[in-house]
Amino acid sequence: MQDQPPVASGAPGVIMSQVEAVNVELSVVLGRSVLPMAQLLKMGRGAVIPLDATEQDEVWILANNHPVARGHIEIHDDRIAITVTRAADVYDYMAGSA
């Protein structure tokens, strides 16, 4: 006899509480840069890495390192926020398009 996985109860509250317990790591990619390893190793605290983006460009929003949306940076007082503008195109992200 094969072991079968337990069947989830049909109670919506149980399923939602399980979904709400899942942690998702969000990251925002501001831009990209290609540097020789020697230059990277010479960098110290305060070094500036030039990116292929401007402040008007959309940023990539990643959930668990997978692109899920695009957005714009907003700065309010001393806080930085991202406004989601559209869904991400995974193929554009993989191609390195901005």
# chains A, B, ... in the order shown; residues from 1 in each chain; ligands from 1
$ select_by_dssp --residues "segment 27-77 of chain A" --states "strand (DSSP E or B)" --output "list in words"
Ser27, Val28, Val29, Val59, Trp60, Ile61, Leu62, Ala63, His66, Pro67, Val68, Ala69, Arg70, Gly71, His72, Ile73, Glu74, Ile75 and His76 of chain A
$ write_last_selection --atoms "all heavy atoms" --output "short mmCIF file (atom, residue, chain, number, x, y, z; two decimals), in the first residue's frame"
data_model
loop_
_atom_site.label_atom_id
_atom_site.label_comp_id
_atom_site.auth_asym_id
_atom_site.auth_seq_id
_atom_site.Cartn_x
_atom_site.Cartn_y
_atom_site.Cartn_z
N SER A 27 12.51 41.73 -3.06
CA SER A 27 13.71 42.49 -3.40
C SER A 27 13.36 43.45 -4.52
O SER A 27 12.44 43.19 -5.31
CB SER A 27 14.82 41.55 -3.91
OG SER A 27 15.08 40.54 -3.00
N VAL A 28 14.10 44.54 -4.61
CA VAL A 28 13.92 45.50 -5.68
C VAL A 28 15.26 45.69 -6.38
O VAL A 28 16.26 45.97 -5.73
CB VAL A 28 13.40 46.85 -5.14
CG1 VAL A 28 13.30 47.87 -6.25
CG2 VAL A 28 12.06 46.66 -4.45
N VAL A 29 15.26 45.51 -7.70
CA VAL A 29 16.47 45.67 -8.49
C VAL A 29 16.43 47.06 -9.13
O VAL A 29 15.56 47.35 -9.94
CB VAL A 29 16.57 44.57 -9.58
CG1 VAL A 29 17.82 44.78 -10.42
CG2 VAL A 29 16.57 43.19 -8.95
N VAL A 59 11.78 49.89 -11.83
CA VAL A 59 12.60 48.92 -11.11
C VAL A 59 11.91 47.56 -11.21
O VAL A 59 10.72 47.46 -11.50
CB VAL A 59 12.78 49.32 -9.63
CG1 VAL A 59 13.57 50.61 -9.52
CG2 VAL A 59 11.45 49.43 -8.91
N TRP A 60 12.69 46.51 -10.99
CA TRP A 60 12.15 45.16 -10.94
C TRP A 60 11.80 44.82 -9.50
O TRP A 60 12.59 45.07 -8.60
CB TRP A 60 13.19 44.16 -11.45
CG TRP A 60 13.43 44.25 -12.92
CD1 TRP A 60 14.46 44.90 -13.54
CD2 TRP A 60 12.64 43.67 -13.95
NE1 TRP A 60 14.34 44.76 -14.89
CE2 TRP A 60 13.24 44.00 -15.17
CE3 TRP A 60 11.49 42.89 -13.95
CZ2 TRP A 60 12.72 43.59 -16.39
CZ3 TRP A 60 10.97 42.49 -15.16
CH2 TRP A 60 11.58 42.83 -16.36
N ILE A 61 10.65 44.21 -9.29
CA ILE A 61 10.24 43.73 -7.97
C ILE A 61 10.28 42.20 -8.02
O ILE A 61 9.64 41.59 -8.88
CB ILE A 61 8.84 44.23 -7.60
CG1 ILE A 61 8.82 45.77 -7.63
CG2 ILE A 61 8.41 43.69 -6.23
CD1 ILE A 61 7.43 46.37 -7.57
N LEU A 62 11.08 41.62 -7.13
CA LEU A 62 11.25 40.17 -7.11
C LEU A 62 10.63 39.58 -5.85
O LEU A 62 10.74 40.16 -4.77
CB LEU A 62 12.74 39.80 -7.13
CG LEU A 62 13.63 40.47 -8.18
CD1 LEU A 62 15.06 39.97 -8.04
CD2 LEU A 62 13.11 40.21 -9.57
N ALA A 63 9.99 38.44 -6.00
CA ALA A 63 9.49 37.67 -4.86
C ALA A 63 10.25 36.36 -4.86
O ALA A 63 10.16 35.60 -5.82
CB ALA A 63 7.98 37.43 -4.98
N HIS A 66 12.29 35.83 -7.97
CA HIS A 66 11.57 35.67 -9.24
C HIS A 66 10.86 36.98 -9.56
O HIS A 66 10.16 37.53 -8.70
CB HIS A 66 10.55 34.53 -9.16
CG HIS A 66 11.17 33.20 -8.95
ND1 HIS A 66 11.78 32.49 -9.95
CD2 HIS A 66 11.30 32.45 -7.83
CE1 HIS A 66 12.26 31.35 -9.46
NE2 HIS A 66 11.99 31.31 -8.17
N PRO A 67 11.02 37.50 -10.78
CA PRO A 67 10.36 38.77 -11.12
C PRO A 67 8.84 38.62 -11.12
O PRO A 67 8.30 37.69 -11.72
CB PRO A 67 10.88 39.06 -12.53
CG PRO A 67 11.39 37.77 -13.06
CD PRO A 67 11.78 36.94 -11.88
N VAL A 68 8.18 39.52 -10.39
CA VAL A 68 6.72 39.47 -10.30
C VAL A 68 6.06 40.77 -10.74
O VAL A 68 4.90 40.77 -11.14
CB VAL A 68 6.23 39.11 -8.88
CG1 VAL A 68 6.62 37.69 -8.52
CG2 VAL A 68 6.74 40.09 -7.84
N ALA A 69 6.80 41.89 -10.67
CA ALA A 69 6.18 43.18 -11.02
C ALA A 69 7.26 44.20 -11.37
O ALA A 69 8.45 43.99 -11.13
CB ALA A 69 5.33 43.69 -9.86
N ARG A 70 6.80 45.31 -11.94
CA ARG A 70 7.65 46.47 -12.18
C ARG A 70 7.09 47.62 -11.35
O ARG A 70 5.92 47.62 -10.98
CB ARG A 70 7.63 46.88 -13.67
CG ARG A 70 8.11 45.82 -14.65
CD ARG A 70 9.57 45.45 -14.52
NE ARG A 70 10.52 46.51 -14.63
CZ ARG A 70 11.15 46.89 -15.74
NH1 ARG A 70 10.91 46.27 -16.86
NH2 ARG A 70 12.03 47.86 -15.72
N GLY A 71 7.93 48.60 -11.05
CA GLY A 71 7.46 49.70 -10.23
C GLY A 71 8.34 50.93 -10.35
O GLY A 71 9.36 50.91 -11.04
N HIS A 72 7.92 52.01 -9.70
CA HIS A 72 8.66 53.27 -9.67
C HIS A 72 9.04 53.58 -8.23
O HIS A 72 8.28 53.31 -7.30
CB HIS A 72 7.82 54.43 -10.22
CG HIS A 72 7.73 54.43 -11.70
ND1 HIS A 72 8.80 54.74 -12.50
CD2 HIS A 72 6.70 54.15 -12.53
CE1 HIS A 72 8.43 54.67 -13.77
NE2 HIS A 72 7.16 54.30 -13.81
N ILE A 73 10.21 54.19 -8.08
CA ILE A 73 10.69 54.60 -6.76
C ILE A 73 10.00 55.89 -6.35
O ILE A 73 9.86 56.81 -7.16
CB ILE A 73 12.21 54.81 -6.77
CG1 ILE A 73 12.91 53.52 -7.11
CG2 ILE A 73 12.70 55.37 -5.44
CD1 ILE A 73 14.40 53.68 -7.33
N GLU A 74 9.57 55.96 -5.09
CA GLU A 74 9.01 57.18 -4.52
C GLU A 74 9.76 57.48 -3.24
O GLU A 74 10.03 56.57 -2.44
CB GLU A 74 7.52 57.03 -4.23
CG GLU A 74 6.68 56.91 -5.46
CD GLU A 74 5.19 56.96 -5.14
OE1 GLU A 74 4.83 57.31 -3.99
OE2 GLU A 74 4.41 56.65 -6.04
N ILE A 75 10.09 58.74 -3.04
CA ILE A 75 10.78 59.14 -1.81
C ILE A 75 9.90 60.14 -1.08
O ILE A 75 9.51 61.16 -1.63
CB ILE A 75 12.16 59.76 -2.13
CG1 ILE A 75 13.02 58.74 -2.86
CG2 ILE A 75 12.84 60.25 -0.86
CD1 ILE A 75 14.35 59.27 -3.36
N HIS A 76 9.54 59.81 0.17
CA HIS A 76 8.73 60.67 1.02
C HIS A 76 9.51 60.91 2.30
O HIS A 76 9.76 59.99 3.07
CB HIS A 76 7.39 60.01 1.35
CG HIS A 76 6.56 59.68 0.15
ND1 HIS A 76 5.85 60.64 -0.53
CD2 HIS A 76 6.35 58.52 -0.50
CE1 HIS A 76 5.23 60.07 -1.54
NE2 HIS A 76 5.51 58.78 -1.55
#
$ residues_around --residues "Val34 of chain A" --least-positions-apart "3" --cutoff "12 Å" --atoms "only C-alpha atoms" --output "ChimeraX atom specification"
/A:31,37-40,49-52,96
$ select_by_dssp --residues "chain A" --states "helix (DSSP H, G or I)" --output "list in words"
Pro12, Gly13, Val14, Ile15, Met16, Ser17, Gln18, Val19, Glu20, Met37, Ala38, Gln39, Leu40, Leu41, Lys42, Val90, Tyr91, Asp92, Tyr93, Met94 and Ala95 of chain A
$ closest_residue --among "A:Ala87, A:Met94, A:Asn64, A:Glu58" --to "Leu26 of chain A" --atoms "only C-alpha atoms"
A:Asn64
$ atom_distance --atom1 "atom CA of Gly46 of chain A" --atom2 "atom CA of Ile80 of chain A"
20.0 Å
$ closest_residue --among "A:Val48, A:Asn65, A:Leu41, A:Asp78" --to "Val90 of chain A" --atoms "only C-alpha atoms"
A:Asn65
